[in-house]
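Visitor: Sending over a structure as structure tokens; questions will come in a sec.
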Amino acid sequence: MVRFEQTTMMWCDGSAESRRAIPSSTLEAAARGTGLVLLVTAGPAPGGQDGQPPARHPVAEQAVASAVATNPSVPLEVVHASTAPRARLIDLARRTSLVVMGGSRCEDGRVWPSGSVGQALAAHLDCPVLLVDGHEPPVADSVVGHEPAVVAGVDLLHASEPVLLTAAAEAVIRGVGLTLIHALGHGARLDPKALAEGWERCRASLRSADLPRGVPNRLAVSQEDPVPALRNRVGPRDLLVLGTGGDKVGGAVEGVGHDAGGWARARGGPVSRRLLDAMPCDVMLVPPWQGSKTMADLGARRLEGHRTQPDAVG
């Protein structure tokens, strides 16, 4: 068995959406220089006894075959959720820098899965979740003259650092431009001074993230509702980055400890739910953070000039 110090996790529930998302999760792991953990959650593991994984599992076999066909150089680790000890799930959560799921996971506005496995991971997991549509957009759906970009919905008047830095890291990983959208909403009063101060805080955050030169970035301020403001500015090959909302670590959340991870505190807001219903492109959701992070923490490990090597464990 191998254990990767930095992982990309693919939630393999056996659905068609999940199967279509496996190639994307493999490419994400390759771009980040991490191992790929295939977390198999599709029912009990046939043949698994006394906490031991089964010799064969159809969902696991399909996931491995798809990942290898996409990029055979990405190291794989298979974890069967039904037989994995809770301690192993917690360890997995703490070393995961990105979770990839099929787009169907957003039913009823709920992104992070419920149940014992979801709860065990959520309390120790504060990385982004990438929801992948999985369909290759037809050529007719491509926007003429629109280069792929990372588009993020930010609130310049309040703290948007988690979304901002995550979007910046994703722009670096993908080698595309970064567009930040601040939507005022219909009838909202435009306060030029407050917006200028917010933009300066935004620029300061980008400077602190050491965004490499050559990555184009711009801000668009729109006086329209947030959902159309974002949906109308993305193409099918873009990545849309959104915050989930939720309480900061200092606040109390019923049934959640003060040291719980972001997904134990995240709650989907009306904007993120409506955009997930529309799913105009792949969507990345960013939960509340436990503390300050760097670009490397967010997955842009190739900026450090090295690849994390797996450690062999017994």
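Ordering of the structure tokens sets the chain letters (A, B, ...); residue numbers start at 1 within each chain; ligands are numbered from 1 in the order shown.
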Would you kindly return, as a ChimeraX atom specification, each protein, DNA or RNA residue with an atom no farther than 6 Å from any atom of region 274-284 of chain A, considering only C-alpha atoms and excluding same-chain residues fewer than 5 positions away?

Guide: /A:129-133,236,239-241

Visitor: Considering only C-alpha atoms, return as a ChimeraX atom specification whatever protein or nucleic-acid residues lie within 7 Å of Ile22 (chain A), sequence-local ones (same chain, fewer than 2 positions apart) excluded.

Guide: /A:10,18-20,24-26,63,66-67

Visitor: Output the selection as an mmCIF file, in the first residue's frame - N, CA and C atoms for each residue.

Guide:
data_model
loop_
_atom_site.group_PDB
_atom_site.id
_atom_site.type_symbol
_atom_site.label_atom_id
_atom_site.label_comp_id
_atom_site.auth_asym_id
_atom_site.auth_seq_id
_atom_site.Cartn_x
_atom_site.Cartn_y
_atom_site.Cartn_z
ATOM 1 N N MET A 10 -10.858 11.334 -5.591
ATOM 2 C CA MET A 10 -12.018 11.180 -6.466
ATOM 3 C C MET A 10 -13.082 10.382 -5.730
ATOM 4 N N SER A 18 -20.144 10.146 -11.865
ATOM 5 C CA SER A 18 -18.868 9.870 -11.215
ATOM 6 C C SER A 18 -17.886 9.238 -12.187
ATOM 7 N N ARG A 19 -18.342 8.304 -12.986
ATOM 8 C CA ARG A 19 -17.454 7.650 -13.957
ATOM 9 C C ARG A 19 -16.920 8.660 -14.970
ATOM 10 N N ARG A 20 -17.781 9.593 -15.407
ATOM 11 C CA ARG A 20 -17.333 10.593 -16.371
ATOM 12 C C ARG A 20 -16.333 11.567 -15.765
ATOM 13 N N SER A 24 -11.122 13.612 -15.455
ATOM 14 C CA SER A 24 -10.812 14.956 -14.961
ATOM 15 C C SER A 24 -10.022 14.898 -13.664
ATOM 16 N N SER A 25 -10.389 13.996 -12.767
ATOM 17 C CA SER A 25 -9.654 13.887 -11.501
ATOM 18 C C SER A 25 -8.215 13.448 -11.744
ATOM 19 N N THR A 26 -8.007 12.586 -12.733
ATOM 20 C CA THR A 26 -6.652 12.141 -13.064
ATOM 21 C C THR A 26 -5.821 13.299 -13.607
ATOM 22 N N ALA A 63 -12.817 2.391 -12.181
ATOM 23 C CA ALA A 63 -12.163 3.665 -11.882
ATOM 24 C C ALA A 63 -10.670 3.589 -12.167
ATOM 25 N N SER A 66 -10.056 3.578 -15.949
ATOM 26 C CA SER A 66 -10.270 4.896 -16.547
ATOM 27 C C SER A 66 -9.117 5.842 -16.231
ATOM 28 N N ALA A 67 -8.638 5.806 -14.979
ATOM 29 C CA ALA A 67 -7.531 6.675 -14.592
ATOM 30 C C ALA A 67 -6.253 6.315 -15.331
#

Visitor: Could you state the separation of CA of Met101 (chain A) and CA of His182 (chain A) in Å, given to one decimal place?

Guide: 26.8 Å

Visitor: Calculate how many Å separate CA of Val74 (chain A) from CA of Ala30 (chain A), rounding to one decimal.

Guide: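 Separation of CA of Val74 (chain A) and CA of Ala30 (chain A): 6.1 Å.
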
Visitor: From the list A:Arg201, A:His57, A:Arg207, A:Arg237, which residue is nearest His80 (chain A) when using only C-alpha atoms?

Guide: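 Checking each candidate against His80 (chain A), we get A:His57 as the closest.
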
Visitor: Which residues are close to Thr179 (chain A), i.e. within 8 Å by only C-alpha atoms, leaving aside same-chain residues fewer than 3 positions away? Reply as a PyMOL selection string.

Guide: chain A and resi 149-152+217-220

Visitor: Generate a file of the selected residues that holds N, CA, C and O atoms, formatted as a PDB file, in the first residue's frame.

Guide:
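Output file part38.pdb is given in full below:
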ATOM      1  N   ALA A 149     -10.791  30.254 -19.030  1.00  0.00           N
ATOM      2  CA  ALA A 149     -10.350  31.095 -17.924  1.00  0.00           C
ATOM      3  C   ALA A 149     -10.891  30.546 -16.618  1.00  0.00           C
ATOM      4  O   ALA A 149     -11.780  29.693 -16.593  1.00  0.00           O
ATOM      5  N   VAL A 150     -10.323  31.017 -15.520  1.00  0.00           N
ATOM      6  CA  VAL A 150     -10.879  30.794 -14.188  1.00  0.00           C
ATOM      7  C   VAL A 150     -11.670  32.042 -13.830  1.00  0.00           C
ATOM      8  O   VAL A 150     -11.139  33.159 -13.856  1.00  0.00           O
ATOM      9  N   VAL A 151     -12.946  31.860 -13.521  1.00  0.00           N
ATOM     10  CA  VAL A 151     -13.827  32.972 -13.167  1.00  0.00           C
ATOM     11  C   VAL A 151     -14.285  32.761 -11.731  1.00  0.00           C
ATOM     12  O   VAL A 151     -14.742  31.678 -11.368  1.00  0.00           O
ATOM     13  N   ALA A 152     -14.152  33.796 -10.903  1.00  0.00           N
ATOM     14  CA  ALA A 152     -14.495  33.673  -9.492  1.00  0.00           C
ATOM     15  C   ALA A 152     -15.487  34.746  -9.091  1.00  0.00           C
ATOM     16  O   ALA A 152     -15.350  35.916  -9.477  1.00  0.00           O
ATOM     17  N   ASN A 217      -5.109  38.989 -15.156  1.00  0.00           N
ATOM     18  CA  ASN A 217      -6.202  39.012 -14.197  1.00  0.00           C
ATOM     19  C   ASN A 217      -6.930  40.345 -14.303  1.00  0.00           C
ATOM     20  O   ASN A 217      -6.323  41.384 -14.541  1.00  0.00           O
ATOM     21  N   ARG A 218      -8.248  40.283 -14.117  1.00  0.00           N
ATOM     22  CA  ARG A 218      -9.043  41.496 -14.217  1.00  0.00           C
ATOM     23  C   ARG A 218     -10.249  41.386 -13.303  1.00  0.00           C
ATOM     24  O   ARG A 218     -10.649  40.291 -12.903  1.00  0.00           O
ATOM     25  N   LEU A 219     -10.826  42.549 -12.992  1.00  0.00           N
ATOM     26  CA  LEU A 219     -12.021  42.626 -12.157  1.00  0.00           C
ATOM     27  C   LEU A 219     -13.156  43.210 -12.974  1.00  0.00           C
ATOM     28  O   LEU A 219     -12.981  44.192 -13.693  1.00  0.00           O
ATOM     29  N   ALA A 220     -14.340  42.595 -12.856  1.00  0.00           N
ATOM     30  CA  ALA A 220     -15.543  43.133 -13.479  1.00  0.00           C
ATOM     31  C   ALA A 220     -16.572  43.389 -12.390  1.00  0.00           C
ATOM     32  O   ALA A 220     -16.869  42.496 -11.593  1.00  0.00           O
TER      33      ALA A 220
END

Visitor: Find the residue from A:Asn232, A:Ser222, A:Ala167, A:Gly198 that sits nearest to Leu285 (chain A); use only C-alpha atoms when measuring.

Guide: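 Of the candidates, the smallest distance to Leu285 (chain A) is held by A:Ala167.
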
Visitor: Given the choices A:Arg174, A:Arg273, A:Ser208, A:Leu157, which gets closest to Arg32 (chain A) if the distance is worked out from only C-alpha atoms?

Guide: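 Of all the options, A:Arg174 lies closest to Arg32 (chain A).
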
Visitor: Extract, using only C-alpha atoms, all DNA, RNA and protein residues at most 8 Å from Ala81 (chain A), discarding same-chain residues fewer than 2 positions from it, and format them as a tab-separated table (two decimals) with N, CA, C and O atoms, in the first residue's frame.

Guide:
chain	number	residue	atom	x	y	z
A	39	LEU	N	-11.64	7.00	-3.85
A	39	LEU	CA	-12.42	6.62	-2.68
A	39	LEU	C	-13.71	5.95	-3.15
A	39	LEU	O	-14.61	6.62	-3.66
A	40	VAL	N	-13.79	4.63	-3.00
A	40	VAL	CA	-14.92	3.86	-3.50
A	40	VAL	C	-16.00	3.84	-2.43
A	40	VAL	O	-15.83	3.27	-1.36
A	41	THR	N	-17.13	4.50	-2.72
A	41	THR	CA	-18.23	4.60	-1.77
A	41	THR	C	-19.48	3.88	-2.26
A	41	THR	O	-20.55	4.03	-1.67
A	79	VAL	N	-9.11	3.33	-1.92
A	79	VAL	CA	-9.60	3.22	-0.54
A	79	VAL	C	-11.07	2.82	-0.61
A	79	VAL	O	-11.88	3.50	-1.24
A	83	THR	N	-14.82	-0.48	4.28
A	83	THR	CA	-13.93	-1.27	5.14
A	83	THR	C	-12.80	-0.44	5.75
A	83	THR	O	-12.08	-0.95	6.61
A	84	ALA	N	-12.67	0.82	5.34
A	84	ALA	CA	-11.57	1.64	5.86
A	84	ALA	C	-11.86	2.07	7.29
A	84	ALA	O	-12.96	2.55	7.58
A	89	LEU	N	-9.68	7.23	7.26
A	89	LEU	CA	-10.44	8.26	6.58
A	89	LEU	C	-10.04	9.65	7.05
A	89	LEU	O	-9.93	10.59	6.25
A	117	VAL	N	-19.36	8.09	6.28
A	117	VAL	CA	-18.10	8.37	5.58
A	117	VAL	C	-17.95	9.87	5.36
A	117	VAL	O	-16.90	10.46	5.61

Visitor: Write out as a PyMOL selection string the residues lying within 12 Å of Pro192 (chain A), counting only C-alpha atoms and excluding same-chain residues fewer than 5 positions away.

Guide: chain A and resi 156-157+184+197-199+221

Visitor: Could you list, as a ChimeraX atom specification, every residue within 12 Å of Val111 (chain A), counting only C-alpha atoms and ignoring same-chain residues fewer than 2 positions away?

Guide: /A:11,99-109,113-114,118,122,128-131,244,263-264,266-269,272-273,276-277,283-287

Visitor: Deliver the residues from the most recent selection as a file, using C-alpha atoms, as a short mmCIF file (atom, residue, chain, number, x, y, z; two decimals), in the first residue's frame.

Guide:
data_model
loop_
_atom_site.label_atom_id
_atom_site.label_comp_id
_atom_site.auth_asym_id
_atom_site.auth_seq_id
_atom_site.Cartn_x
_atom_site.Cartn_y
_atom_site.Cartn_z
CA TRP A 11 -15.39 10.30 -4.92
CA VAL A 99 -11.85 16.52 -3.95
CA VAL A 100 -13.41 15.76 -7.35
CA MET A 101 -17.03 14.64 -7.72
CA GLY A 102 -19.51 14.14 -10.50
CA GLY A 103 -21.94 16.99 -10.98
CA SER A 104 -24.89 14.98 -9.68
CA ARG A 105 -23.58 15.39 -6.12
CA CYS A 106 -25.29 18.81 -5.96
CA GLU A 107 -28.83 17.43 -5.53
CA ASP A 108 -31.05 19.64 -3.32
CA GLY A 109 -28.24 22.16 -2.93
CA PRO A 113 -22.34 13.82 1.04
CA SER A 114 -24.05 12.88 4.27
CA GLY A 118 -18.98 11.94 4.65
CA ALA A 122 -15.91 16.58 6.61
CA PRO A 128 -12.04 22.83 -2.40
CA VAL A 129 -14.47 20.44 -4.09
CA LEU A 130 -14.50 20.35 -7.89
CA LEU A 131 -17.85 19.35 -9.41
CA THR A 244 -19.97 28.03 0.08
CA TRP A 263 -16.82 21.09 5.08
CA ALA A 264 -18.27 20.49 8.54
CA ALA A 266 -19.93 24.87 4.97
CA ARG A 267 -23.49 25.59 3.94
CA GLY A 268 -24.59 26.17 0.37
CA GLY A 269 -26.09 29.61 -0.24
CA SER A 272 -24.10 28.60 -5.29
CA ARG A 273 -27.19 26.36 -5.37
CA LEU A 276 -24.93 24.35 -9.49
CA ASP A 277 -28.43 23.73 -10.84
CA VAL A 283 -17.64 24.46 -10.65
CA MET A 284 -15.24 24.57 -7.70
CA LEU A 285 -16.68 25.28 -4.25
CA VAL A 286 -14.47 26.68 -1.49
CA PRO A 287 -15.48 26.09 2.15
#

Visitor: Leaving out Pro23 (chain A) and any residue of its chain fewer than 5 positions from it, which residues lie within 9 Å of it when counting only C-alpha atoms, given as a PyMOL selection string?

Guide: chain A and resi 28+66-71+134

Visitor: Would you put the residues from that selection into a file with N, CA, C and O atoms, as a PDB file, in the first residue's frame?

Guide:
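Written file, result-v8.pdb:
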ATOM      1  N   GLU A  28      -6.342  16.449 -12.996  1.00  0.00           N
ATOM      2  CA  GLU A  28      -6.112  17.387 -11.891  1.00  0.00           C
ATOM      3  C   GLU A  28      -4.937  16.921 -11.029  1.00  0.00           C
ATOM      4  O   GLU A  28      -4.092  17.724 -10.620  1.00  0.00           O
ATOM      5  N   SER A  66     -10.056   3.578 -15.949  1.00  0.00           N
ATOM      6  CA  SER A  66     -10.270   4.896 -16.547  1.00  0.00           C
ATOM      7  C   SER A  66      -9.117   5.842 -16.231  1.00  0.00           C
ATOM      8  O   SER A  66      -8.648   6.584 -17.093  1.00  0.00           O
ATOM      9  N   ALA A  67      -8.638   5.806 -14.979  1.00  0.00           N
ATOM     10  CA  ALA A  67      -7.531   6.675 -14.592  1.00  0.00           C
ATOM     11  C   ALA A  67      -6.253   6.315 -15.331  1.00  0.00           C
ATOM     12  O   ALA A  67      -5.526   7.191 -15.818  1.00  0.00           O
ATOM     13  N   VAL A  68      -5.967   5.026 -15.437  1.00  0.00           N
ATOM     14  CA  VAL A  68      -4.757   4.576 -16.136  1.00  0.00           C
ATOM     15  C   VAL A  68      -4.827   4.931 -17.615  1.00  0.00           C
ATOM     16  O   VAL A  68      -3.827   5.348 -18.223  1.00  0.00           O
ATOM     17  N   ALA A  69      -6.002   4.784 -18.217  1.00  0.00           N
ATOM     18  CA  ALA A  69      -6.153   5.128 -19.626  1.00  0.00           C
ATOM     19  C   ALA A  69      -5.961   6.623 -19.864  1.00  0.00           C
ATOM     20  O   ALA A  69      -5.498   7.035 -20.925  1.00  0.00           O
ATOM     21  N   THR A  70      -6.301   7.440 -18.865  1.00  0.00           N
ATOM     22  CA  THR A  70      -6.157   8.894 -18.994  1.00  0.00           C
ATOM     23  C   THR A  70      -4.715   9.324 -18.852  1.00  0.00           C
ATOM     24  O   THR A  70      -4.193  10.112 -19.658  1.00  0.00           O
ATOM     25  N   ASN A  71      -4.043   8.827 -17.819  1.00  0.00           N
ATOM     26  CA  ASN A  71      -2.630   9.171 -17.591  1.00  0.00           C
ATOM     27  C   ASN A  71      -2.007   8.082 -16.727  1.00  0.00           C
ATOM     28  O   ASN A  71      -2.166   8.086 -15.505  1.00  0.00           O
ATOM     29  N   GLY A 134     -18.566  16.565 -16.798  1.00  0.00           N
ATOM     30  CA  GLY A 134     -18.204  15.296 -17.417  1.00  0.00           C
ATOM     31  C   GLY A 134     -18.569  15.162 -18.869  1.00  0.00           C
ATOM     32  O   GLY A 134     -18.178  14.198 -19.519  1.00  0.00           O
TER      33      GLY A 134
END

Visitor: Using Å and a single decimal, report how far CA of Leu121 (chain A) sits from CA of Pro85 (chain A).

Guide: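 Separation between CA of Pro85 (chain A) and CA of Leu121 (chain A): 11.7 Å.
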
Visitor: Of the candidates A:Gly262, A:Gly115, A:Ala16, A:Thr34, which one gets nearest to Pro162 (chain A) if we count only C-alpha atoms?

Guide: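 Going through A:Gly262, A:Gly115, A:Ala16, A:Thr34 one by one, the smallest distance to Pro162 (chain A) is for A:Gly262.
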
Visitor: With only C-alpha atoms as the atoms that count, which of A:Glu161, A:Arg86, A:Val59, A:Leu230 lies nearest to Asp13 (chain A)?

Guide: A:Val59
